[in-house]
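File shown: final-v1.txt. Contents: compact mmCIF, C-alpha atoms and all ligand atoms.
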```txt
# COMPACT_ATOMS: atom_id res chain seq x y z
CA MET A 1 -30.84 23.37 -65.99
CA ASP A 2 -34.21 22.50 -64.51
CA SER A 3 -35.02 24.68 -61.55
CA HIS A 4 -37.53 23.50 -58.98
CA THR A 5 -39.39 25.54 -56.39
CA VAL A 6 -39.42 23.80 -53.04
CA PHE A 7 -40.76 24.68 -49.58
CA ILE A 8 -38.76 23.34 -46.65
CA SER A 9 -39.77 23.42 -43.00
CA LEU A 10 -37.10 23.94 -40.37
CA GLY A 11 -37.50 23.11 -36.68
CA SER A 12 -35.25 23.09 -33.64
CA ASN A 13 -35.88 22.57 -29.95
CA LEU A 14 -32.41 21.93 -28.52
CA GLY A 15 -29.37 24.12 -27.91
CA ASN A 16 -29.18 27.51 -29.62
CA ARG A 17 -32.35 27.09 -31.65
CA GLU A 18 -32.06 30.34 -33.61
CA LYS A 19 -28.48 29.52 -34.60
CA ALA A 20 -29.53 26.02 -35.67
CA LEU A 21 -32.08 27.48 -38.11
CA LYS A 22 -29.51 29.89 -39.47
CA ASP A 23 -26.79 27.23 -39.79
CA ALA A 24 -29.22 24.97 -41.63
CA VAL A 25 -30.03 27.71 -44.14
CA ASN A 26 -26.35 28.53 -44.61
CA SER A 27 -25.52 24.87 -45.27
CA LEU A 28 -27.83 24.65 -48.29
CA SER A 29 -25.59 26.35 -50.83
CA PRO A 30 -24.39 25.84 -53.50
CA ASP A 31 -26.97 23.28 -54.71
CA VAL A 32 -29.95 24.87 -53.02
CA THR A 33 -30.65 28.62 -52.99
CA PRO A 34 -33.09 30.18 -50.51
CA THR A 35 -35.43 32.69 -52.14
CA ALA A 36 -37.90 33.50 -49.33
CA PHE A 37 -38.01 33.25 -45.54
CA SER A 38 -41.02 33.16 -43.26
CA LYS A 39 -40.87 34.75 -39.84
CA ILE A 40 -39.67 32.48 -37.05
CA TYR A 41 -42.34 31.11 -34.67
CA GLU A 42 -42.11 29.62 -31.21
CA THR A 43 -44.40 26.64 -31.01
CA PRO A 44 -45.34 23.94 -28.51
CA PRO A 45 -43.99 20.41 -29.08
CA TRP A 46 -46.10 18.19 -31.30
CA GLY A 47 -46.63 14.48 -30.88
CA TYR A 48 -44.67 14.20 -27.63
CA ASP A 49 -45.22 16.84 -24.90
CA GLN A 50 -42.33 16.33 -22.48
CA GLN A 51 -39.75 18.40 -24.36
CA PRO A 52 -38.76 22.06 -24.90
CA THR A 53 -40.66 24.40 -27.23
CA PHE A 54 -39.64 24.60 -30.87
CA LEU A 55 -38.60 27.37 -33.17
CA ASN A 56 -40.10 26.80 -36.61
CA GLN A 57 -39.60 28.49 -39.95
CA VAL A 58 -40.48 27.74 -43.57
CA ILE A 59 -38.25 28.74 -46.46
CA ARG A 60 -38.73 28.69 -50.21
CA VAL A 61 -35.73 27.52 -52.22
CA LYS A 62 -34.66 27.02 -55.82
CA THR A 63 -32.74 23.89 -56.76
CA ALA A 64 -31.88 21.67 -59.69
CA LEU A 65 -31.63 18.62 -57.40
CA PRO A 66 -34.28 15.95 -57.87
CA PRO A 67 -36.42 15.12 -54.79
CA PHE A 68 -34.46 12.16 -53.41
CA ASP A 69 -31.12 13.96 -53.84
CA LEU A 70 -32.58 16.94 -51.99
CA LEU A 71 -33.75 14.64 -49.17
CA ASP A 72 -30.23 13.14 -48.93
CA LYS A 73 -28.78 16.64 -48.79
CA LEU A 74 -31.15 17.69 -45.97
CA LYS A 75 -30.44 14.50 -43.99
CA SER A 76 -26.70 15.08 -44.32
CA ILE A 77 -27.03 18.71 -43.16
CA GLU A 78 -29.02 17.49 -40.12
CA LYS A 79 -26.21 15.08 -39.34
CA ASP A 80 -23.43 17.65 -39.88
CA LEU A 81 -25.21 20.07 -37.56
CA GLY A 82 -25.08 17.46 -34.84
CA ARG A 83 -28.53 15.94 -34.87
CA ARG A 84 -28.47 12.64 -33.02
CA PRO A 85 -31.07 9.95 -33.60
CA THR A 86 -33.84 10.04 -30.99
CA PHE A 87 -37.37 8.78 -31.30
CA ARG A 88 -40.12 9.87 -33.65
CA TYR A 89 -41.39 13.36 -32.76
CA GLY A 90 -38.63 13.58 -30.09
CA PRO A 91 -36.33 16.54 -29.37
CA ARG A 92 -33.97 17.57 -32.13
CA LEU A 93 -31.26 20.11 -32.84
CA ILE A 94 -32.56 20.53 -36.36
CA ASP A 95 -35.28 18.94 -38.47
CA MET A 96 -35.59 19.73 -42.17
CA ASP A 97 -38.65 18.43 -43.99
CA ILE A 98 -39.66 18.83 -47.62
CA LEU A 99 -43.19 20.26 -47.61
CA PHE A 100 -43.81 20.82 -51.32
CA PHE A 101 -41.68 20.19 -54.41
CA ASP A 102 -43.22 22.06 -57.37
CA ALA A 103 -46.59 20.33 -57.76
CA ILE A 104 -45.03 16.87 -57.56
CA VAL A 105 -46.71 14.02 -55.69
CA ILE A 106 -44.49 11.21 -54.35
CA SER A 107 -45.50 8.41 -52.04
CA SER A 108 -42.68 6.08 -51.12
CA GLU A 109 -41.27 4.70 -47.91
CA ARG A 110 -38.41 7.22 -47.74
CA LEU A 111 -40.21 10.23 -49.10
CA THR A 112 -43.77 11.52 -49.13
CA ILE A 113 -44.45 14.79 -50.95
CA PRO A 114 -46.43 16.86 -50.15
CA HIS A 115 -45.47 16.18 -46.54
CA PRO A 116 -48.42 14.17 -45.14
CA GLU A 117 -48.90 16.27 -41.99
CA ILE A 118 -49.13 19.74 -43.54
CA GLU A 119 -52.89 20.03 -43.06
CA ASN A 120 -52.59 19.18 -39.34
CA ARG A 121 -49.69 21.44 -38.42
CA ALA A 122 -50.25 25.09 -37.59
CA PHE A 123 -46.47 25.44 -37.14
CA VAL A 124 -46.14 24.77 -40.89
CA LEU A 125 -49.26 26.53 -42.18
CA VAL A 126 -48.69 29.78 -40.24
CA PRO A 127 -45.17 30.32 -41.67
CA MET A 128 -46.37 29.20 -45.14
CA MET A 129 -48.93 32.04 -44.92
CA ASP A 130 -46.02 34.51 -44.65
CA ILE A 131 -44.40 33.50 -47.93
CA ALA A 132 -46.91 31.57 -50.07
CA PRO A 133 -50.54 32.09 -48.98
CA ASP A 134 -51.82 31.37 -52.51
CA PHE A 135 -49.83 28.19 -53.06
CA ILE A 136 -52.19 25.34 -53.98
CA HIS A 137 -51.75 21.98 -52.27
CA PRO A 138 -51.41 19.62 -55.27
CA VAL A 139 -53.45 16.79 -53.69
CA SER A 140 -56.30 18.56 -51.89
CA CYS A 141 -56.18 21.44 -54.42
CA ARG A 142 -56.80 23.88 -51.56
CA PRO A 143 -54.73 27.06 -51.17
CA ILE A 144 -52.65 27.55 -48.02
CA THR A 145 -55.00 30.35 -46.84
CA ASN A 146 -57.85 27.89 -46.88
CA LEU A 147 -55.94 25.07 -45.12
CA ALA A 148 -54.78 27.52 -42.45
CA LYS A 149 -58.42 28.29 -41.52
CA ASP A 150 -58.83 24.74 -40.20
CA VAL A 151 -56.03 24.75 -37.60
CA SER A 152 -55.80 26.48 -34.23
CA LYS A 153 -53.12 29.17 -34.40
CA LYS A 154 -53.34 30.40 -30.83
CA LYS A 155 -50.18 28.66 -29.60
CA ILE A 156 -48.03 29.77 -32.56
CA LYS A 157 -46.18 32.87 -31.31
CA GLU A 158 -44.04 35.13 -33.45
CA TYR A 159 -40.45 34.97 -32.22
CA GLN A 160 -38.19 38.03 -32.21
CA PRO A 161 -34.88 36.90 -33.72
CA LYS A 162 -31.71 38.28 -32.25
CA GLU A 163 -30.27 38.44 -35.75
CA GLU A 164 -31.99 39.57 -38.92
CA ILE A 165 -33.59 36.70 -40.86
CA GLY A 166 -31.89 35.86 -44.14
CA ARG A 167 -29.39 38.67 -43.78
CA ASP A 168 -26.72 36.64 -45.59
CA HIS A 169 -29.07 35.92 -48.48
CA ALA A 170 -30.57 39.28 -49.36
P1 LIG B 1 -39.85 13.48 -38.45
O1 LIG B 1 -40.98 12.64 -39.02
O2 LIG B 1 -40.11 13.81 -37.01
O3 LIG B 1 -39.49 14.65 -39.32
P2 LIG B 1 -37.24 12.45 -39.20
O4 LIG B 1 -36.77 13.84 -39.54
O5 LIG B 1 -36.30 11.58 -38.42
O6 LIG B 1 -38.61 12.48 -38.39
O7 LIG B 1 -37.64 11.77 -40.55
C1 LIG B 1 -37.89 10.42 -40.64
C2 LIG B 1 -37.90 10.02 -42.11
O8 LIG B 1 -38.98 10.64 -42.79
C3 LIG B 1 -36.70 10.46 -42.93
O9 LIG B 1 -35.61 9.61 -42.80
C4 LIG B 1 -37.25 10.50 -44.36
O10 LIG B 1 -36.82 9.37 -45.12
C5 LIG B 1 -38.76 10.42 -44.16
N1 LIG B 1 -39.53 11.39 -44.94
C6 LIG B 1 -40.65 11.07 -45.62
N2 LIG B 1 -41.17 12.13 -46.25
C7 LIG B 1 -40.36 13.19 -45.96
C8 LIG B 1 -40.37 14.56 -46.34
N3 LIG B 1 -41.33 15.08 -47.14
N4 LIG B 1 -39.38 15.36 -45.86
C9 LIG B 1 -38.41 14.85 -45.05
N5 LIG B 1 -38.35 13.56 -44.66
C10 LIG B 1 -39.31 12.72 -45.12
MG MG B 2 -37.84 15.28 -40.52
```
If you convert what's in this file into structure tokens, what do you get?
Amino acid sequence: MDSHTVFISLGSNLGNREKALKDAVNSLSPDVTPTAFSKIYETPPWGYDQQPTFLNQVIRVKTALPPFDLLDKLKSIEKDLGRRPTFRYGPRLIDMDILFFDAIVISSERLTIPHPEIENRAFVLVPMMDIAPDFIHPVSCRPITNLAKDVSKKKIKEYQPKEEIGRDHA
């Protein structure tokens, strides 16, 4: 069975945000197995200001699912966890984006990998630094450490979780 290494970004800015991150992680099994967890960060909204602050986290997972099947799985978890359609960059209970999928490059209407906004988003690069600082972006060929130098990190605050991160997945 082919096993892929994938980085997924999680974000929530509605309801019990910490629980939403945890529920999202717990919903991945059995097809998708988390293997590393970044710290959780509290971050200002991006793209549209008039909304609550986000909690963001990046996880590394192993899976045999191909990219589009993984996207379908993430979209269905978002729906099961109660995410309702809003507008682009609007408030959400949970957002799950595929950042990297091995060193694959995909550019289609439904799926772009690597995620096209990685280089612009400190809320993705800071948590990536926790778990994969040496990972090389397959398009720009720059390591995460190098990409992270180009974004302002001052508004990305470490969040103290009430429950231990990844406790169920040790
Ligand atoms: P946002 O852009 O704010 O994350 P959504 O989560 O609603 O908004 O995603 C909109 C669409 O983005 C999804 O329906 C999906 O088809 C598409 N998409 C493209 N590339 C990716 C990716 N790498 N990860 C997740 N969704 C993606
Ligand atoms: Mg999304």
Residues within 9 Å of ligand MG 2 (chain B), counting all atoms listed in the file, as a ChimeraX atom specification: /A:9-11,74-75,89,94-98
Could the residues in this selection be written to a file with C-alpha atoms, as an mmCIF file, keeping the file's coordinate frame?
```cif
data_model
loop_
_atom_site.group_PDB
_atom_site.id
_atom_site.type_symbol
_atom_site.label_atom_id
_atom_site.label_comp_id
_atom_site.auth_asym_id
_atom_site.auth_seq_id
_atom_site.Cartn_x
_atom_site.Cartn_y
_atom_site.Cartn_z
ATOM 1 C CA SER A 9 -39.770 23.420 -43.000
ATOM 2 C CA LEU A 10 -37.100 23.940 -40.370
ATOM 3 C CA GLY A 11 -37.500 23.110 -36.680
ATOM 4 C CA LEU A 74 -31.150 17.690 -45.970
ATOM 5 C CA LYS A 75 -30.440 14.500 -43.990
ATOM 6 C CA TYR A 89 -41.390 13.360 -32.760
ATOM 7 C CA ILE A 94 -32.560 20.530 -36.360
ATOM 8 C CA ASP A 95 -35.280 18.940 -38.470
ATOM 9 C CA MET A 96 -35.590 19.730 -42.170
ATOM 10 C CA ASP A 97 -38.650 18.430 -43.990
ATOM 11 C CA ILE A 98 -39.660 18.830 -47.620
#
```
Test item: residues lying within 8 Å of ligand LIG 1 (chain B) with all atoms listed in the file, as a PyMOL selection string: chain A and resi 71+74-75+85-90+95-100+108-116
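In this comparison, which uses all atoms listed in the file, the residue of A:Val139, A:Gln51, A:Gln57, A:Trp46 approaching Lys22 in chain A most closely is A:Gln57.
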To one decimal place in Å, what is the distance between CA of Pro127 in chain A and CA of Asn56 in chain A? 8.0 Å
Protein and nucleic acid residues near (-43.0, 29.7, -28.5) (cut-off 6 Å, only C-alpha atoms) as a VMD selection string: chain A and resid 42 to 43 53 157
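The closest residue to Leu147 in chain A, picked from A:Leu65, A:Val6, A:Leu125, A:Ala103 and counting only C-alpha atoms, is A:Leu125.
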Nearest to Ile118 in chain A among A:Asp130, A:Phe54, A:Ile8, A:Lys62, with distances taken over only C-alpha atoms: which residue is it? A:Ile8
Atomic distance CA of Thr145 in chain A - CA of Thr5 in chain A, expressed in Å with one decimal: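 So the answer is 18.9 Å.
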Show me, as a PDB file with C-alpha atoms, keeping the file's coordinate frame, the residues that have an atom within 8 Å of Met129 in chain A when counting only C-alpha atoms, minus same-chain residues fewer than 3 positions from it.
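Written file, around.pdb:
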```pdb
ATOM      1  CA  LEU A 125     -49.260  26.530 -42.180  1.00  0.00           C
ATOM      2  CA  VAL A 126     -48.690  29.780 -40.240  1.00  0.00           C
ATOM      3  CA  ALA A 132     -46.910  31.570 -50.070  1.00  0.00           C
ATOM      4  CA  PRO A 133     -50.540  32.090 -48.980  1.00  0.00           C
ATOM      5  CA  ILE A 144     -52.650  27.550 -48.020  1.00  0.00           C
ATOM      6  CA  THR A 145     -55.000  30.350 -46.840  1.00  0.00           C
ATOM      7  CA  ALA A 148     -54.780  27.520 -42.450  1.00  0.00           C
TER       8      ALA A 148
END
```
Which of these residues is nearest to Lys79 in chain A, using all atoms listed in the file: A:Phe135, A:Met128, A:Arg92, A:Gly47?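 Counting all atoms listed in the file, the residue closest to Lys79 in chain A is A:Arg92.
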Which residue, A:Pro30, A:Pro52, A:Pro67, A:Pro45, has the smallest gap to His4 in chain A when you use only C-alpha atoms? A:Pro67
